[in-house]
$ cat coords19.txt   # compact mmCIF, C-alpha atoms
# COMPACT_ATOMS: atom_id res chain seq x y z
CA MET L 1 0.90 -1.57 29.12
CA ALA L 2 1.74 2.08 29.51
CA SER L 3 -1.03 4.57 29.01
CA CYS L 4 -1.23 6.24 25.61
CA ASN L 5 -2.84 9.32 27.11
CA ASN L 6 -0.93 12.57 27.14
CA ILE L 7 0.96 13.26 30.35
CA HIS L 8 1.50 16.81 31.54
CA GLN L 9 4.65 17.39 33.55
CA GLU L 10 5.83 20.86 34.47
CA GLY L 11 3.75 22.36 31.67
CA ILE L 12 5.35 20.16 29.00
CA GLU L 13 3.06 17.85 27.08
CA LYS L 14 4.53 14.39 26.60
CA SER L 15 2.95 11.48 24.79
CA GLU L 16 3.73 7.79 25.07
CA PRO L 17 4.20 6.23 21.61
CA THR L 18 1.29 4.08 20.51
CA PRO L 19 1.87 0.38 19.85
CA LEU L 20 1.70 1.10 16.12
CA GLU L 21 4.41 3.76 16.47
CA LYS L 22 6.53 1.32 18.52
CA HIS L 23 6.00 -1.24 15.75
CA VAL L 24 7.81 1.00 13.23
CA MET L 25 10.27 2.84 15.53
CA PHE L 26 12.77 -0.02 15.24
CA PHE L 27 13.37 1.05 11.64
CA ASP L 28 14.07 4.67 12.63
CA ILE L 29 17.79 3.94 12.88
CA ASP L 30 18.92 7.46 13.79
CA LYS L 31 15.85 8.03 16.05
CA ASN L 32 14.86 11.35 14.45
CA GLY L 33 11.21 10.43 13.85
CA ILE L 34 11.66 9.86 10.12
CA ILE L 35 12.30 6.53 8.40
CA TYR L 36 14.06 6.60 5.02
CA PRO L 37 14.30 3.60 2.66
CA TRP L 38 17.94 2.96 3.60
CA GLU L 39 16.88 2.76 7.27
CA THR L 40 14.12 0.29 6.39
CA TYR L 41 16.75 -1.73 4.52
CA GLN L 42 19.14 -1.63 7.49
CA GLY L 43 16.34 -2.67 9.84
CA PHE L 44 15.42 -5.70 7.74
CA ARG L 45 19.08 -6.72 7.50
CA LYS L 46 19.40 -6.42 11.29
CA ILE L 47 16.54 -8.90 11.83
CA GLY L 48 18.09 -11.44 9.46
CA SER L 49 16.46 -10.69 6.10
CA GLY L 50 18.43 -11.38 2.95
CA ILE L 51 19.61 -8.58 0.71
CA PHE L 52 16.89 -8.99 -1.93
CA LEU L 53 14.02 -9.18 0.56
CA SER L 54 15.43 -6.14 2.38
CA ILE L 55 15.64 -4.15 -0.86
CA PHE L 56 12.10 -5.15 -1.84
CA ALA L 57 10.73 -4.32 1.63
CA SER L 58 12.45 -0.93 1.78
CA PHE L 59 11.05 0.09 -1.60
CA PHE L 60 7.57 -1.37 -1.08
CA ILE L 61 7.10 -0.02 2.45
CA ASN L 62 8.51 3.48 1.97
CA PHE L 63 6.92 4.00 -1.45
CA GLY L 64 3.57 2.84 -0.10
CA LEU L 65 3.57 4.75 3.21
CA SER L 66 5.51 7.97 2.65
CA ARG L 67 2.76 10.15 1.15
CA LYS L 68 0.19 8.94 3.69
CA THR L 69 2.33 9.92 6.69
CA ARG L 70 3.13 13.40 5.33
CA PRO L 71 -0.26 15.13 5.06
CA GLY L 72 -0.15 18.57 3.45
CA LYS L 73 3.37 18.04 2.15
CA GLY L 74 4.45 17.45 -1.42
CA PRO L 75 5.93 14.14 -2.58
CA SER L 76 9.58 13.47 -1.81
CA LEU L 77 11.89 11.31 -3.90
CA LEU L 78 13.52 10.23 -0.63
CA PHE L 79 10.20 8.58 0.42
CA PRO L 80 10.43 9.45 4.14
CA ILE L 81 7.93 7.98 6.60
CA GLU L 82 6.99 10.16 9.57
CA VAL L 83 6.63 7.94 12.62
CA LYS L 84 4.23 10.28 14.46
CA ASN L 85 1.75 10.00 11.56
CA ILE L 86 2.02 6.26 10.98
CA LYS L 87 -1.63 5.81 12.00
CA LEU L 88 -2.56 7.61 8.77
CA ALA L 89 -0.94 4.80 6.80
CA LYS L 90 -3.11 2.06 8.29
CA HIS L 91 -4.39 0.04 5.37
CA THR L 92 -7.74 -1.67 4.79
CA SER L 93 -8.30 -5.44 4.69
CA ASP L 94 -6.32 -5.72 7.94
CA SER L 95 -6.94 -7.61 11.16
CA GLY L 96 -8.20 -4.59 13.12
CA VAL L 97 -5.67 -5.27 15.91
CA TYR L 98 -4.63 -1.62 15.67
CA ASP L 99 -7.48 0.87 15.94
CA ASN L 100 -7.55 4.13 13.97
CA GLU L 101 -5.30 5.80 16.57
CA GLY L 102 -2.73 3.00 16.44
CA ARG L 103 -3.72 1.48 19.77
CA PHE L 104 -3.64 -2.28 20.39
CA VAL L 105 -7.07 -3.96 20.49
CA SER L 106 -6.61 -7.19 22.44
CA GLU L 107 -10.03 -8.59 21.49
CA LYS L 108 -9.13 -8.39 17.79
CA PHE L 109 -5.76 -9.99 18.45
CA GLU L 110 -7.34 -12.92 20.30
CA GLU L 111 -9.90 -13.23 17.51
CA ILE L 112 -7.15 -14.07 15.00
CA PHE L 113 -6.32 -17.28 16.83
CA LYS L 114 -9.86 -18.16 17.94
CA LYS L 115 -11.06 -18.02 14.35
CA HIS L 116 -8.08 -19.32 12.42
CA ALA L 117 -5.76 -21.40 14.63
CA GLY L 118 -7.48 -24.74 14.01
CA SER L 119 -4.76 -27.37 13.84
CA THR L 120 -2.58 -26.06 16.68
CA GLU L 121 -3.73 -23.85 19.53
CA ASN L 122 -2.03 -20.44 19.57
CA ALA L 123 -0.28 -20.84 16.21
CA LEU L 124 -1.06 -20.46 12.52
CA THR L 125 -0.09 -22.78 9.67
CA ALA L 126 0.57 -21.40 6.17
CA GLN L 127 -2.91 -22.51 5.11
CA GLU L 128 -4.56 -20.91 8.15
CA LEU L 129 -2.69 -17.69 7.42
CA ASP L 130 -4.10 -17.74 3.88
CA GLU L 131 -7.58 -18.23 5.36
CA LEU L 132 -7.03 -15.22 7.68
CA LEU L 133 -5.99 -13.04 4.74
CA LYS L 134 -8.98 -14.19 2.71
CA ALA L 135 -11.38 -13.52 5.60
CA ASN L 136 -10.00 -9.99 6.12
CA LYS L 137 -10.06 -9.04 2.44
CA GLN L 138 -12.63 -6.37 1.75
CA PRO L 139 -14.45 -6.34 -1.61
CA LYS L 140 -12.55 -4.58 -4.43
CA ASP L 141 -9.70 -3.69 -2.06
CA THR L 142 -6.67 -4.82 -4.02
CA LYS L 143 -4.22 -2.33 -2.46
CA GLY L 144 -5.17 -3.13 1.14
CA HIS L 145 -5.11 -6.87 0.45
CA ILE L 146 -1.65 -6.70 -1.17
CA ALA L 147 -0.34 -4.71 1.82
CA ALA L 148 -1.76 -7.24 4.30
CA LEU L 149 -0.54 -10.17 2.21
CA SER L 150 3.00 -8.75 2.05
CA GLU L 151 3.19 -8.04 5.79
CA TRP L 152 1.93 -11.45 6.88
CA LYS L 153 3.90 -13.44 4.30
CA ILE L 154 7.18 -11.71 5.21
CA LEU L 155 6.45 -12.33 8.90
CA TYR L 156 5.70 -15.99 8.22
CA PHE L 157 8.83 -16.40 6.08
CA LEU L 158 11.09 -14.86 8.75
CA CYS L 159 9.46 -16.20 11.91
CA LYS L 160 7.83 -19.60 11.31
CA ASP L 161 9.23 -22.36 13.52
CA GLN L 162 10.70 -25.69 12.38
CA ASN L 163 7.18 -27.11 12.09
CA GLY L 164 5.99 -24.31 9.80
CA LEU L 165 3.97 -22.64 12.56
CA LEU L 166 3.69 -18.92 13.25
CA ARG L 167 3.36 -18.73 17.03
CA LYS L 168 1.00 -16.40 18.87
CA GLU L 169 3.76 -14.85 20.99
CA ILE L 170 5.67 -13.96 17.82
CA VAL L 171 2.63 -12.22 16.32
CA ARG L 172 2.04 -10.35 19.59
CA GLY L 173 5.66 -9.20 19.51
CA VAL L 174 5.09 -7.67 16.08
CA TYR L 175 2.08 -5.73 17.33
CA ASP L 176 3.67 -4.45 20.54
CA GLY L 177 6.96 -3.57 18.84
CA SER L 178 9.20 -5.94 20.82
CA LEU L 179 9.84 -8.63 18.20
CA PHE L 180 12.21 -6.71 15.94
CA GLU L 181 14.55 -5.79 18.81
CA GLN L 182 14.55 -9.40 19.95
CA MET L 183 15.31 -10.67 16.43
CA ALA L 184 18.13 -8.14 16.03
CA LYS L 185 19.71 -9.32 19.31
CA GLU L 186 19.47 -12.94 18.19
CA GLN L 187 21.12 -12.12 14.86
CA GLN L 188 23.89 -10.22 16.66
CA ALA L 189 24.46 -13.20 18.96
CA LYS L 190 24.72 -15.53 15.95
CA LYS L 191 27.29 -13.29 14.30
CA LYS L 192 29.42 -13.22 17.48
CA LYS L 193 29.55 -17.03 17.47
CA PHE L 194 31.22 -16.97 14.07
CA ILE L 195 33.81 -14.33 14.99
CA PRO L 196 36.98 -16.19 16.05
CA SER L 197 38.49 -14.99 19.30
CA SER L 198 42.04 -13.66 18.99

$ encode --input "coords19.txt" --output "structure tokens"
Amino acid sequence: MASCNNIHQEGIEKSEPTPLEKHVMFFDIDKNGIIYPWETYQGFRKIGSGIFLSIFASFFINFGLSRKTRPGKGPSLLFPIEVKNIKLAKHTSDSGVYDNEGRFVSEKFEEIFKKHAGSTENALTAQELDELLKANKQPKDTKGHIAALSEWKILYFLCKDQNGLLRKEIVRGVYDGSLFEQMAKEQQAKKKKFIPSS
């Protein structure tokens, strides 16, 4: 994995995006560092979400994260999310796989499956996912729990296999930011199959 430390080249400071930033950058459709609700919607449609889930996700995500990622700025009715500040939107009652700087913590990732993948190695059933969410829930933390519940349930709904299992490599892809691009390519390939050749 590339270093997240700042790199100085010819007096210009450059910074590699953190895994948490990479996780959300897929939804920055125009790549300007800001994610608007319509971009979140487009991103969810690109990975195969239905219209209603995409609408719900775009409202829920942007409404919930916009203010947190715009410190010192007033509220905006456009609900923009600033990618560079996404670490400020990290919610409680989570898995701890991202640290406070948005870096990937491999020990915490492995812990998910060591503790909760009981019936099948390296995969979670729906029941095991519920147990994970219950274990991570902090006392009196309704907001954080709802955020975690929404994220994991949407992931399970979109990515479970034919046996109802959420595979470890899928979950890793969410955390390192590669899954959404892969899902978008798969959806594009499916669409091409249904386009008749002239």

$ atom_distance --input "coords19.txt" --atom1 "CA of Tyr156 in chain L" --atom2 "CA of His91 in chain L"
19.2 Å

$ atom_distance --input "coords19.txt" --atom1 "CA of Ser106 in chain L" --atom2 "CA of Lys185 in chain L"
26.6 Å

$ closest_residue --input "coords19.txt" --among "L:Val97, L:Ile29, L:Ile154, L:Ala184" --to "Leu166 in chain L" --atoms "only C-alpha atoms"
L:Ile154

$ residues_around --input "coords19.txt" --residues "range 132-135 of chain L" --least-positions-apart "4" --cutoff "9 Å" --atoms "all atoms listed in the file" --output "list of chain:residue names"
L:Ser93, L:Asp94, L:Ser95, L:Ile112, L:Lys115, L:His116, L:Gln127, L:Glu128, L:His145, L:Ala148, L:Leu149, L:Trp152

$ closest_residue --input "coords19.txt" --among "L:Lys137, L:Lys84, L:Arg167, L:Arg67" --to "His23 in chain L" --atoms "all atoms listed in the file"
L:Lys84

$ closest_residue --input "coords19.txt" --among "L:Lys160, L:Ala57, L:Gly102, L:Lys87" --to "Pro71 in chain L" --atoms "all atoms listed in the file"
L:Lys87

$ closest_residue --input "coords19.txt" --among "L:Asn136, L:Asn85, L:Gln188, L:Ser150" --to "Thr18 in chain L" --atoms "all atoms listed in the file"
L:Asn85

$ closest_residue --input "coords19.txt" --among "L:Glu181, L:Asp28, L:Asp176, L:Glu186" --to "Arg103 in chain L" --atoms "only C-alpha atoms"
L:Asp176

$ atom_distance --input "coords19.txt" --atom1 "CA of Glu82 in chain L" --atom2 "CA of Trp38 in chain L"
14.4 Å

$ residues_near_point --input "coords19.txt" --point "(6.4, 0.0, 21.2)" --cutoff "10 Å" --atoms "all atoms listed in the file" --output "MDAnalysis selection string"
chainID L and resid 1:2 16:26 173:179

$ residues_around --input "coords19.txt" --residues "Gly48 in chain L" --least-positions-apart "5" --cutoff "12 Å" --atoms "all atoms listed in the file" --output "MDAnalysis selection string"
chainID L and resid 41:43 53:54 154:155 157:159 180:191

$ closest_residue --input "coords19.txt" --among "L:Asn62, L:Asn163, L:Ser49, L:Thr92" --to "Ala126 in chain L" --atoms "all atoms listed in the file"
L:Asn163

$ axis_aligned_box --input "coords19.txt" --around "range 59-75 of chain L" --padding-each-side "6 Å" --output "JSON"
{"center_x": 5.4, "center_y": 8.6, "center_z": 2.1, "size_x": 23.3, "size_y": 31.9, "size_z": 21.3}

$ build_atoms --input "coords19.txt" --residues "range 31-42 of chain L" --atoms "all heavy atoms" --output "mmCIF file, keeping the file's coordinate frame"
data_model
loop_
_atom_site.group_PDB
_atom_site.id
_atom_site.type_symbol
_atom_site.label_atom_id
_atom_site.label_comp_id
_atom_site.auth_asym_id
_atom_site.auth_seq_id
_atom_site.Cartn_x
_atom_site.Cartn_y
_atom_site.Cartn_z
ATOM 1 N N LYS L 31 16.799 7.569 15.019
ATOM 2 C CA LYS L 31 15.850 8.030 16.050
ATOM 3 C C LYS L 31 15.462 9.507 15.908
ATOM 4 O O LYS L 31 15.327 10.219 16.901
ATOM 5 C CB LYS L 31 16.413 7.787 17.463
ATOM 6 C CG LYS L 31 16.837 6.362 17.714
ATOM 7 C CD LYS L 31 15.713 5.375 17.524
ATOM 8 C CE LYS L 31 16.168 3.931 17.695
ATOM 9 N NZ LYS L 31 15.180 2.969 17.196
ATOM 10 N N ASN L 32 15.264 9.958 14.667
ATOM 11 C CA ASN L 32 14.860 11.350 14.450
ATOM 12 C C ASN L 32 13.386 11.486 14.055
ATOM 13 O O ASN L 32 12.937 12.553 13.660
ATOM 14 C CB ASN L 32 15.752 11.997 13.368
ATOM 15 C CG ASN L 32 15.529 11.403 11.990
ATOM 16 O OD1 ASN L 32 14.877 10.363 11.848
ATOM 17 N ND2 ASN L 32 16.081 12.050 10.977
ATOM 18 N N GLY L 33 12.645 10.384 14.149
ATOM 19 C CA GLY L 33 11.210 10.430 13.850
ATOM 20 C C GLY L 33 10.866 10.250 12.386
ATOM 21 O O GLY L 33 9.692 10.293 12.012
ATOM 22 N N ILE L 34 11.884 10.045 11.559
ATOM 23 C CA ILE L 34 11.660 9.860 10.120
ATOM 24 C C ILE L 34 12.405 8.596 9.674
ATOM 25 O O ILE L 34 13.557 8.374 10.037
ATOM 26 C CB ILE L 34 12.171 11.066 9.316
ATOM 27 C CG1 ILE L 34 11.419 12.332 9.733
ATOM 28 C CG2 ILE L 34 12.000 10.833 7.807
ATOM 29 C CD1 ILE L 34 11.960 13.608 9.130
ATOM 30 N N ILE L 35 11.708 7.768 8.894
ATOM 31 C CA ILE L 35 12.300 6.530 8.400
ATOM 32 C C ILE L 35 12.492 6.635 6.886
ATOM 33 O O ILE L 35 11.519 6.775 6.138
ATOM 34 C CB ILE L 35 11.407 5.311 8.718
ATOM 35 C CG1 ILE L 35 11.136 5.219 10.225
ATOM 36 C CG2 ILE L 35 12.055 4.017 8.210
ATOM 37 C CD1 ILE L 35 10.061 4.217 10.600
ATOM 38 N N TYR L 36 13.735 6.572 6.453
ATOM 39 C CA TYR L 36 14.060 6.600 5.020
ATOM 40 C C TYR L 36 14.242 5.174 4.514
ATOM 41 O O TYR L 36 14.464 4.249 5.310
ATOM 42 C CB TYR L 36 15.322 7.426 4.791
ATOM 43 C CG TYR L 36 15.135 8.903 5.033
ATOM 44 C CD1 TYR L 36 15.538 9.485 6.239
ATOM 45 C CD2 TYR L 36 14.527 9.715 4.065
ATOM 46 C CE1 TYR L 36 15.356 10.850 6.473
ATOM 47 C CE2 TYR L 36 14.339 11.078 4.288
ATOM 48 C CZ TYR L 36 14.752 11.630 5.492
ATOM 49 O OH TYR L 36 14.566 12.973 5.714
ATOM 50 N N PRO L 37 14.165 4.960 3.200
ATOM 51 C CA PRO L 37 14.300 3.600 2.660
ATOM 52 C C PRO L 37 15.566 2.885 3.098
ATOM 53 O O PRO L 37 15.543 1.673 3.368
ATOM 54 C CB PRO L 37 14.284 3.827 1.141
ATOM 55 C CG PRO L 37 13.513 5.077 0.940
ATOM 56 C CD PRO L 37 13.846 5.940 2.135
ATOM 57 N N TRP L 38 16.698 3.619 3.200
ATOM 58 C CA TRP L 38 17.940 2.960 3.600
ATOM 59 C C TRP L 38 17.875 2.515 5.070
ATOM 60 O O TRP L 38 18.538 1.552 5.454
ATOM 61 C CB TRP L 38 19.143 3.850 3.347
ATOM 62 C CG TRP L 38 19.082 5.236 3.916
ATOM 63 C CD1 TRP L 38 19.483 5.651 5.155
ATOM 64 C CD2 TRP L 38 18.566 6.402 3.249
ATOM 65 N NE1 TRP L 38 19.261 6.991 5.315
ATOM 66 C CE2 TRP L 38 18.703 7.497 4.159
ATOM 67 C CE3 TRP L 38 18.017 6.641 1.986
ATOM 68 C CZ2 TRP L 38 18.296 8.796 3.837
ATOM 69 C CZ3 TRP L 38 17.620 7.936 1.673
ATOM 70 C CH2 TRP L 38 17.767 8.994 2.588
ATOM 71 N N GLU L 39 17.058 3.190 5.875
ATOM 72 C CA GLU L 39 16.880 2.760 7.270
ATOM 73 C C GLU L 39 15.999 1.506 7.322
ATOM 74 O O GLU L 39 16.258 0.589 8.116
ATOM 75 C CB GLU L 39 16.265 3.882 8.097
ATOM 76 C CG GLU L 39 17.203 5.070 8.288
ATOM 77 C CD GLU L 39 16.564 6.165 9.128
ATOM 78 O OE1 GLU L 39 15.627 6.828 8.625
ATOM 79 O OE2 GLU L 39 16.986 6.343 10.281
ATOM 80 N N THR L 40 14.963 1.481 6.478
ATOM 81 C CA THR L 40 14.120 0.290 6.390
ATOM 82 C C THR L 40 14.972 -0.904 5.967
ATOM 83 O O THR L 40 14.869 -2.002 6.533
ATOM 84 C CB THR L 40 12.968 0.508 5.387
ATOM 85 O OG1 THR L 40 12.238 1.678 5.756
ATOM 86 C CG2 THR L 40 12.020 -0.690 5.366
ATOM 87 N N TYR L 41 15.841 -0.677 4.988
ATOM 88 C CA TYR L 41 16.750 -1.730 4.520
ATOM 89 C C TYR L 41 17.646 -2.214 5.666
ATOM 90 O O TYR L 41 17.764 -3.426 5.907
ATOM 91 C CB TYR L 41 17.603 -1.199 3.365
ATOM 92 C CG TYR L 41 18.687 -2.152 2.932
ATOM 93 C CD1 TYR L 41 18.419 -3.169 2.026
ATOM 94 C CD2 TYR L 41 19.988 -2.042 3.443
ATOM 95 C CE1 TYR L 41 19.411 -4.055 1.637
ATOM 96 C CE2 TYR L 41 20.992 -2.923 3.060
ATOM 97 C CZ TYR L 41 20.691 -3.926 2.158
ATOM 98 O OH TYR L 41 21.677 -4.809 1.785
ATOM 99 N N GLN L 42 18.252 -1.269 6.376
ATOM 100 C CA GLN L 42 19.140 -1.630 7.490
ATOM 101 C C GLN L 42 18.382 -2.413 8.563
ATOM 102 O O GLN L 42 18.901 -3.378 9.127
ATOM 103 C CB GLN L 42 19.738 -0.376 8.122
ATOM 104 C CG GLN L 42 20.776 0.330 7.267
ATOM 105 C CD GLN L 42 21.218 1.634 7.916
ATOM 106 O OE1 GLN L 42 21.701 1.654 9.042
ATOM 107 N NE2 GLN L 42 21.043 2.741 7.212
#
